Each structure stands twice: as structure tokens, then as C-alpha cells.
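First comes the structure, then the notes that go with it.
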Amino acid sequence: MSVQAPSRITPIGTMTPFRAQRIWEKNYIAYRRLWKVVFSGFFEPVFYLLAVGVGTGSLVGNIELGDGSVLSYASWIAPALMAASAMNGSVIETTFNIFFKLQFGKVYEGILTTPMKPMDIAIGEIGWALLRGVLYSTAFIGVMFAFGMTESPWALMAIPAATLIGFAFGAVGLAATTWMKSWQDFDLVTLATIPLFLFSGTFFPIDVYPPILQTAVKISPLYHGAELLRGFTLGAIDWTMLGHAAFLVVMGLVGSAIAARRLDGMLRK
Amino acid sequence: MSESLVQARGLTKKFGDFTAVDAVDFDIQPGEAFGFLGPNGAGKTSTMKMITTVSPITEGKMTVFGLDPASQGREIRSRLGVVPQEDNLDLELTVAENLYIYGRYHDMKKPEIMPRIDELLEFAQLTERRESRVEPLSGGMKRRLTIARALINDPDLIILDEPTTGLDPQARHLLWDRLYRLKREGATLVITTHYMDEAEQLCDRLVVMDQGKIVAEGSPRDLITRYATKEVVELRFGEEVKDQAVLQMAGLAERSEVLADRVLLYTEDSEQTQDGLNQKGIHPEQVLVRRSTLEDVFLRLTGRGLID
Ligand SMILES: Nc1ncnc2c1ncn2[C@@H]1O[C@H](COP(=O)(O)OP(=O)(O)O)[C@@H](O)[C@H]1O
Ligand SMILES: [Mg+2]
């Protein structure tokens, strides 16, 4: 046996320009063994839906919307839970998991000695968080459909919309991670996501707030995510949804640009 | 330009105001084992990181395979095998998966990678650990796996940053044995180390680095001939008589070094030097005669030892 193979394996010039998918491949191999973790990401929002939506919903009764239409509480909070789960899934992936890889594994430093670039890693990891998100959203929409909580075929659009939420939060999460120094800093992540989860028009309509607070909630990216999904699952499509989507797109692009730059600076000293 | 795989001229790396690599020149030729010998902080890793294009050059010029690291990093890296100073194996993957994914990073296809994994596991003596997680492997095994991983793309240049630091002697010898084998098969190796025996055994040619500068260059034999004598007489004295003895020794050897715990006499003829000591009535507690090593070269050039 010889360790010197006879010919060049990667002749210069034939290299793939886009390689973020290699990161997906790596994560896929690793996650094959971690399927329990993958499943918990699906069950969490479903449990919330059953406990709060169906459980509390039976006390709350039906909700009457501004236009006079009436629907069950569960149908009303389901899209918001879906939005929150897209946020949480992608924030956990791009903060905790990536911090671990940056600090302890030095895995990325190794990857960068191959033809991979920092941009490939950034896109790959954010993309992976999204890919998982798509899986969860699809499953969640399936559950909503089974419980009769979807009001129109537009509900299918909630899947790409949830992916957009994942992208926006994943990009900002990754950017934030590049500033993290220790595990204590992650309390800040929780400190940011919990109030977002509770107060973004997730559990009750924001018109119960005084006008000033309503304005504050409108800065919350999760509010825009929840409203966008609600539009789709309730089949109440209107132009404001474009605004919600635009908010998330801008957030994701700015986050990605910062993350890629910061990662480059961290990894290529 | 020349045939050199790596050519550096005035290569400099600064971190803020601090100059880690200070205008170094070197040429690495195909088929040689080229060493960077120097103590901790000499700038070896910083130099390796510039060669592997992961660290931008601050000043000076360098080509790797005749390519420009700043604009052609991807092409350069596709032909490199890199063994970093600190292991960075992917702990989420098994031994074989670590090799596989690096093949993928290098755009190899599965049918190319699979037979290569078999070969490399054999080479790294890890065939039995193929499906094992990385975490429980010993330090030596992790190192061998990292070397195997660096070979997955059949690199034209293999860069090893302190390949045996932190390993026990047995693991070290096993690793050296693997590196010899690569050498015999004609691989080009770049090795950094602060172990003079490692440099002496593995390197055809080396540069001695200290505080960011290259202070000497040549083959291990060359350097020893140039900067040291054939033999060294090492003397140990009781604390009270040492200073007195040192004064009396003048003229007994070509050169002497007085260290905290011993006195080194550099000589071409140790018998003669020892006779001289006797005649002058100098009686050390302990006398050791040995041949000169790169450690002596380093001491001569910098006034300090390699390992502090
Ligand atoms: N990223 C960095 N930022 C600041 N200083 C650094 C950095 N990397 C290395 N250095 C400094 O540069 C010098 C050379 O380091 P290094 O190249 O790692 O040396 P060696 O590998 O020979 O031990 C050291 O003094 C080290 O502290
Ligand atoms: Mg080093």
C-alpha cells in the first residue's frame, strides 16, 4: 500500500465554487446519531399548542378578530407558536452549538485549512439551522391541519415564511455569538428570546397594550414573524404581510453580513 | 520564479504593534523535509498560518506553489495537508467520518474517498478504531488521525506544526516512524518543533527561529559544524567552587557556556580537554561527554535554551 496516490485528486480549476452544502453534510452525519435532539425540536411547540392552545383555549373560548370573524384560541396562537419555534430552533443552533464549536472544537479553524472559506461556513451553518426549521415547520403545519387549525391552502406558505424567520434570527444569533466570551453570555440570549416569546402578540392580541407598548412590540422581529404566519394560516392575506417579510429579510441580511465579517476576522488572524 | 514550493521574502506578521514574524526569507523545495526550529513564541505557528493562507500576510512577499496566498488561497489549500499545533478533530464525528468529511471539503467524491480512508487508517494504525468516537482516543492516536486527515487529498505539501508536542516518548517514536515513511515516499514536509532531536532526525534542512527572526539556516549537520564543535564536555560543580573553576578553565576549549546548573565546554577533542582539566586540578562533581546537537547551536545563536 502506498499513501501517495498516483494522481491529483483535486485538479485546480474544477473546484466547486459553492460549498456551504459541505457543512450541511457534516452536520447531517453528526445529527444522524442525535435524532432525539432533532425530535425534541418538533415536540416542544406541539406540546405548547396542546397545553396552551387547546387547554387554556377551552377556558378562553373563541377569539373575535377586528374584522368580526371568529376563530378558536388554538388556531389563533398556533402560527405564533410556530414562529417562536422557528426563532428558538435557529437561535439555539447558531448560538449555543456554534459557540461550542468555536471555543472548544476549533473545528472551523481546521475546516479553513481546506478549500472552504469563512463565507461557506457562515452560509452553511445558517442554512443548516434553516433546513432543520423547514422540517419542524412542515411537521407543525401537518399537526395544525390534523387539528383543523388551518383555514386555507395559504397555510402551506407558512413553511417558507417560518424559514425566513429562522434565517433572520439565525443570522443575528450567529453574529451575536461572535461577541460571546463565556457561557454566562448566553443568559443574555435567553433574556432576549423569552420576552420576545411572551410579548410579541404570541398569546394575546397586542391591542390589549397601551399605544406606546404596541409601538414597542412592533420592533420585535418575532411579532413580524408571528403576524406573517398568522396571515398565511388564517388565509387572511393582505399587504401588511409584505412589510413583515421585508423586516425579516433585512434583519437576516444585515445579520449575515456582520456574522460573515466577524467570523472572518476571528478565524483568519 | 524558482521551483520552490514555498518562497518567502521579507515575510512579516504583526499583531497590532507586536511583530510575531519579522521579515523572514526561506525557500522550500519539492521532496525535502524542511524544519522550523525555535522555542515557544518564536513565530513558527504564525508562519505556518501564513503558508496555509489562513492568516493574512502583513508585509513582504510569499508564493505557495507559485500562487498568491491572498487571492488564490482556495487553490493553494486544495494542495496542502495541514496538521495544526492543536488537534481540531470534529468530536461529533467518528474516526472514519473525520477523514470522510475532509475528503468532501476537498471536493473528492465518495468512491474516491472510501478506499483512501482504508489506506490512511492502515497508515495511521487506526483501522481497529474506525467506528470509534474521537474523544476517547489517546493523544498519539488523535495526532495520527490528524495526520491521516491531512493526507486525504494527497497533498503536494504537508505542514506539521509541532507534530509530537505533548506526546509520551513511545507515541512520539511511533509518529516519527510514520513521518519517515512519508519522507521515504517522497512527500514534501514542513515541520515546526522546539525539540532539537525531532529536527535533527526528521529534517533535511531547517531554519532556526527566535523572536520572529530566522537566525540560521542549513542542514542539521551543517549547522552543528558551523555553530558548534564536534563534542561537548558538560561539567557540574558544587555551587561554592563553580565560579572559581570557570575562571581557571580559560583556554581549555574553543568556547564555553556557563549555565545555571552546568558548564558546557565546546571542543574538537574531548580527551584533550579532560586532560587539561586534570592538569589544572579542576575536579567537577560530574563529567559528561556528548556530541553537539542543535540545542547547542541554538544556545550559541541566542544565548538561551530551546525549552524554558
Ligand atoms: N492572534 C494573535 N494575537 C496576538 N498575538 C499573537 C497571536 N498569535 C500569536 N501571537 C504572538 O506571536 C508570537 C509568536 O507566536 P507563535 O507564532 O504562536 O509562536 P510559536 O508557534 O513559535 O510558539 C507570540 O508571542 C504570540 O503570543
Ligand atoms: Mg506554535
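Following the order of the C-alpha cells, first chain is A, next is B, and so on, with residues numbered from 1 inside each chain and ligands from 1 in the order they appear.
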
Quick check: residues of chain A within 6 Å of chain B, only C-alpha atoms, returned as a list in words.
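My answer is Ala30, Gly105, Lys106, Val107, Thr114, Pro115, Arg268 and Lys269 of chain A.
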
If DSSP is run on the backbone, what residues of region 140-233 of chain A are alpha helix (DSSP H)? A reply as number ranges by chain would be ideal.
A: 140-146, 158-177, 186-199, 211-217, 221-233

Around ligand 2, which protein and nucleic acid residues have at least one atom no more than 8 Å from it, if we count only C-alpha atoms and all ligand atoms? List them as a PDB file with all heavy atoms, in the first residue's frame.
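File written: pocket09.pdb
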```pdb
ATOM      1  N   ASN B  40       9.075  28.284  22.138  1.00  0.00           N
ATOM      2  CA  ASN B  40       7.718  28.823  22.166  1.00  0.00           C
ATOM      3  C   ASN B  40       7.739  30.315  21.916  1.00  0.00           C
ATOM      4  O   ASN B  40       8.562  31.026  22.481  1.00  0.00           O
ATOM      5  CB  ASN B  40       7.087  28.574  23.535  1.00  0.00           C
ATOM      6  CG  ASN B  40       6.350  27.260  23.545  1.00  0.00           C
ATOM      7  OD1 ASN B  40       5.881  26.803  22.505  1.00  0.00           O
ATOM      8  ND2 ASN B  40       6.278  26.647  24.705  1.00  0.00           N
ATOM      9  N   GLY B  41       6.833  30.778  21.063  1.00  0.00           N
ATOM     10  CA  GLY B  41       6.748  32.215  20.815  1.00  0.00           C
ATOM     11  C   GLY B  41       7.690  32.704  19.736  1.00  0.00           C
ATOM     12  O   GLY B  41       7.743  33.899  19.451  1.00  0.00           O
ATOM     13  N   ALA B  42       8.426  31.780  19.098  1.00  0.00           N
ATOM     14  CA  ALA B  42       9.394  32.199  18.082  1.00  0.00           C
ATOM     15  C   ALA B  42       8.700  32.739  16.827  1.00  0.00           C
ATOM     16  O   ALA B  42       9.288  33.494  16.061  1.00  0.00           O
ATOM     17  CB  ALA B  42      10.306  31.031  17.716  1.00  0.00           C
ATOM     18  N   GLY B  43       7.458  32.335  16.619  1.00  0.00           N
ATOM     19  CA  GLY B  43       6.750  32.769  15.417  1.00  0.00           C
ATOM     20  C   GLY B  43       6.523  31.638  14.424  1.00  0.00           C
ATOM     21  O   GLY B  43       6.136  31.882  13.277  1.00  0.00           O
ATOM     22  N   LYS B  44       6.716  30.406  14.873  1.00  0.00           N
ATOM     23  CA  LYS B  44       6.577  29.259  13.964  1.00  0.00           C
ATOM     24  C   LYS B  44       5.134  29.091  13.496  1.00  0.00           C
ATOM     25  O   LYS B  44       4.865  29.005  12.303  1.00  0.00           O
ATOM     26  CB  LYS B  44       7.047  27.966  14.668  1.00  0.00           C
ATOM     27  CG  LYS B  44       8.459  28.033  15.212  1.00  0.00           C
ATOM     28  CD  LYS B  44       8.880  26.726  15.847  1.00  0.00           C
ATOM     29  CE  LYS B  44       8.062  26.310  17.067  1.00  0.00           C
ATOM     30  NZ  LYS B  44       8.197  27.203  18.230  1.00  0.00           N
ATOM     31  N   THR B  45       4.218  29.060  14.464  1.00  0.00           N
ATOM     32  CA  THR B  45       2.810  28.859  14.107  1.00  0.00           C
ATOM     33  C   THR B  45       2.309  30.000  13.225  1.00  0.00           C
ATOM     34  O   THR B  45       1.609  29.778  12.235  1.00  0.00           O
ATOM     35  CB  THR B  45       1.943  28.725  15.369  1.00  0.00           C
ATOM     36  OG1 THR B  45       2.383  27.574  16.091  1.00  0.00           O
ATOM     37  CG2 THR B  45       0.471  28.575  15.030  1.00  0.00           C
ATOM     38  N   SER B  46       2.694  31.222  13.566  1.00  0.00           N
ATOM     39  CA  SER B  46       2.271  32.366  12.746  1.00  0.00           C
ATOM     40  C   SER B  46       2.744  32.194  11.314  1.00  0.00           C
ATOM     41  O   SER B  46       2.016  32.505  10.363  1.00  0.00           O
ATOM     42  CB  SER B  46       2.829  33.668  13.328  1.00  0.00           C
ATOM     43  OG  SER B  46       2.432  33.810  14.661  1.00  0.00           O
ATOM     44  N   GLN B  85      -1.116  22.821  15.274  1.00  0.00           N
ATOM     45  CA  GLN B  85      -0.473  22.581  16.570  1.00  0.00           C
ATOM     46  C   GLN B  85      -1.456  21.944  17.546  1.00  0.00           C
ATOM     47  O   GLN B  85      -1.113  21.015  18.256  1.00  0.00           O
ATOM     48  CB  GLN B  85       0.053  23.911  17.119  1.00  0.00           C
ATOM     49  CG  GLN B  85       0.775  23.748  18.441  1.00  0.00           C
ATOM     50  CD  GLN B  85       1.544  25.002  18.831  1.00  0.00           C
ATOM     51  OE1 GLN B  85       1.718  25.922  18.040  1.00  0.00           O
ATOM     52  NE2 GLN B  85       2.011  25.034  20.052  1.00  0.00           N
ATOM     53  N   ASP B 161       2.621  21.303  12.377  1.00  0.00           N
ATOM     54  CA  ASP B 161       3.001  22.274  13.411  1.00  0.00           C
ATOM     55  C   ASP B 161       3.137  21.546  14.737  1.00  0.00           C
ATOM     56  O   ASP B 161       2.154  21.110  15.317  1.00  0.00           O
ATOM     57  CB  ASP B 161       1.932  23.379  13.488  1.00  0.00           C
ATOM     58  CG  ASP B 161       2.443  24.609  14.235  1.00  0.00           C
ATOM     59  OD1 ASP B 161       3.601  24.591  14.712  1.00  0.00           O
ATOM     60  OD2 ASP B 161       1.670  25.590  14.341  1.00  0.00           O
ATOM     61  N   GLU B 162       4.372  21.386  15.178  1.00  0.00           N
ATOM     62  CA  GLU B 162       4.681  20.670  16.418  1.00  0.00           C
ATOM     63  C   GLU B 162       3.980  19.315  16.476  1.00  0.00           C
ATOM     64  O   GLU B 162       3.159  19.057  17.366  1.00  0.00           O
ATOM     65  CB  GLU B 162       4.275  21.510  17.637  1.00  0.00           C
ATOM     66  CG  GLU B 162       4.809  22.928  17.540  1.00  0.00           C
ATOM     67  CD  GLU B 162       5.611  23.334  18.760  1.00  0.00           C
ATOM     68  OE1 GLU B 162       5.803  22.504  19.673  1.00  0.00           O
ATOM     69  OE2 GLU B 162       6.061  24.491  18.784  1.00  0.00           O
ATOM     70  N   THR B 192       7.424  22.129  12.165  1.00  0.00           N
ATOM     71  CA  THR B 192       7.919  23.050  13.185  1.00  0.00           C
ATOM     72  C   THR B 192       8.101  22.263  14.471  1.00  0.00           C
ATOM     73  O   THR B 192       7.366  21.301  14.720  1.00  0.00           O
ATOM     74  CB  THR B 192       6.950  24.203  13.498  1.00  0.00           C
ATOM     75  OG1 THR B 192       5.943  23.713  14.388  1.00  0.00           O
ATOM     76  CG2 THR B 192       6.314  24.763  12.251  1.00  0.00           C
TER      77      THR B 192
END
```

Give the answer as one residue: which of B:Glu200, B:Asp269, B:Glu240, B:Asp177 has the shortest atom-to-atom distance to Pro284 (chain B), using only C-alpha atoms?
B:Glu240

Just to confirm, what's the straight-line distance from CA of Ser75 (chain A) to CA of Val189 (chain A) in Å (one decimal)?
28.6 Å

Just the residues within 10 Å of Val263 (chain B), please, counting only C-alpha atoms, with nothing from its chain fewer than 5 positions along; format it as a PDB file with N, CA and C atoms, in the first residue's frame.
```pdb
ATOM      1  N   VAL B 232      30.975  18.077  23.141  1.00  0.00           N
ATOM      2  CA  VAL B 232      30.714  18.966  24.275  1.00  0.00           C
ATOM      3  C   VAL B 232      31.068  18.220  25.554  1.00  0.00           C
ATOM      4  N   VAL B 233      31.806  18.894  26.412  1.00  0.00           N
ATOM      5  CA  VAL B 233      32.043  18.328  27.740  1.00  0.00           C
ATOM      6  C   VAL B 233      31.164  19.106  28.720  1.00  0.00           C
ATOM      7  N   GLU B 234      30.239  18.386  29.340  1.00  0.00           N
ATOM      8  CA  GLU B 234      29.323  19.019  30.297  1.00  0.00           C
ATOM      9  C   GLU B 234      29.807  18.761  31.709  1.00  0.00           C
ATOM     10  N   LEU B 235      29.970  19.849  32.450  1.00  0.00           N
ATOM     11  CA  LEU B 235      30.504  19.703  33.805  1.00  0.00           C
ATOM     12  C   LEU B 235      29.492  20.218  34.821  1.00  0.00           C
ATOM     13  N   ARG B 236      29.395  19.526  35.944  1.00  0.00           N
ATOM     14  CA  ARG B 236      28.586  20.030  37.066  1.00  0.00           C
ATOM     15  C   ARG B 236      29.493  20.214  38.264  1.00  0.00           C
ATOM     16  N   PHE B 237      29.285  21.349  38.924  1.00  0.00           N
ATOM     17  CA  PHE B 237      30.114  21.677  40.094  1.00  0.00           C
ATOM     18  C   PHE B 237      29.236  21.931  41.289  1.00  0.00           C
ATOM     19  N   LYS B 242      32.101  26.640  41.719  1.00  0.00           N
ATOM     20  CA  LYS B 242      31.823  26.798  40.286  1.00  0.00           C
ATOM     21  C   LYS B 242      32.528  28.031  39.688  1.00  0.00           C
ATOM     22  N   ALA B 245      36.217  27.630  39.388  1.00  0.00           N
ATOM     23  CA  ALA B 245      36.562  26.670  38.340  1.00  0.00           C
ATOM     24  C   ALA B 245      36.425  27.304  36.954  1.00  0.00           C
ATOM     25  N   VAL B 246      35.349  28.068  36.768  1.00  0.00           N
ATOM     26  CA  VAL B 246      35.114  28.688  35.464  1.00  0.00           C
ATOM     27  C   VAL B 246      36.285  29.595  35.090  1.00  0.00           C
ATOM     28  N   SER B 256      33.044  28.273  25.741  1.00  0.00           N
ATOM     29  CA  SER B 256      32.338  27.688  26.883  1.00  0.00           C
ATOM     30  C   SER B 256      31.041  28.440  27.126  1.00  0.00           C
ATOM     31  N   GLU B 257      30.071  27.752  27.720  1.00  0.00           N
ATOM     32  CA  GLU B 257      28.812  28.381  28.121  1.00  0.00           C
ATOM     33  C   GLU B 257      28.605  28.055  29.588  1.00  0.00           C
ATOM     34  N   VAL B 258      28.354  29.080  30.371  1.00  0.00           N
ATOM     35  CA  VAL B 258      28.098  28.837  31.785  1.00  0.00           C
ATOM     36  C   VAL B 258      26.591  28.949  32.011  1.00  0.00           C
ATOM     37  N   PRO B 284      35.331  18.434  38.661  1.00  0.00           N
ATOM     38  CA  PRO B 284      33.865  18.604  38.722  1.00  0.00           C
ATOM     39  C   PRO B 284      33.222  17.418  39.434  1.00  0.00           C
ATOM     40  N   VAL B 287      31.050  14.638  35.069  1.00  0.00           N
ATOM     41  CA  VAL B 287      31.518  14.981  33.726  1.00  0.00           C
ATOM     42  C   VAL B 287      30.753  14.131  32.714  1.00  0.00           C
TER      43      VAL B 287
END
```

Can you tell me, as a VMD selection string, what residues are no more than 10 Å from Gln29 (chain B) when counting only C-alpha atoms, ignoring any on the same chain fewer than 6 positions away?
chain B and resid 2 to 7 157 188 to 189 205

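Using only C-alpha atoms and all ligand atoms, the shortest contact distance between ligand 1 and any of A:Val143, A:Met87, A:Gly235, A:Met266 is found at A:Met266.
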
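Each of A:Leu267, A:Leu196, A:Val134, A:Leu81 was compared to ligand 1 using only C-alpha atoms and all ligand atoms, and A:Leu267 turns out to be the nearest.
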
Near Ala78 (chain A), within 10 Å and counting only C-alpha atoms, which residues show up once chain neighbours fewer than 5 positions away are dropped, as a PyMOL selection string?
chain A and resi 45-46+48-50+52-54+73+83-84+140-141+143-144+149-150+202-203+226+229-230+233

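Interatomic distance, CA of Met48 (chain B) to CA of Lys26 (chain A): 26.0 Å.
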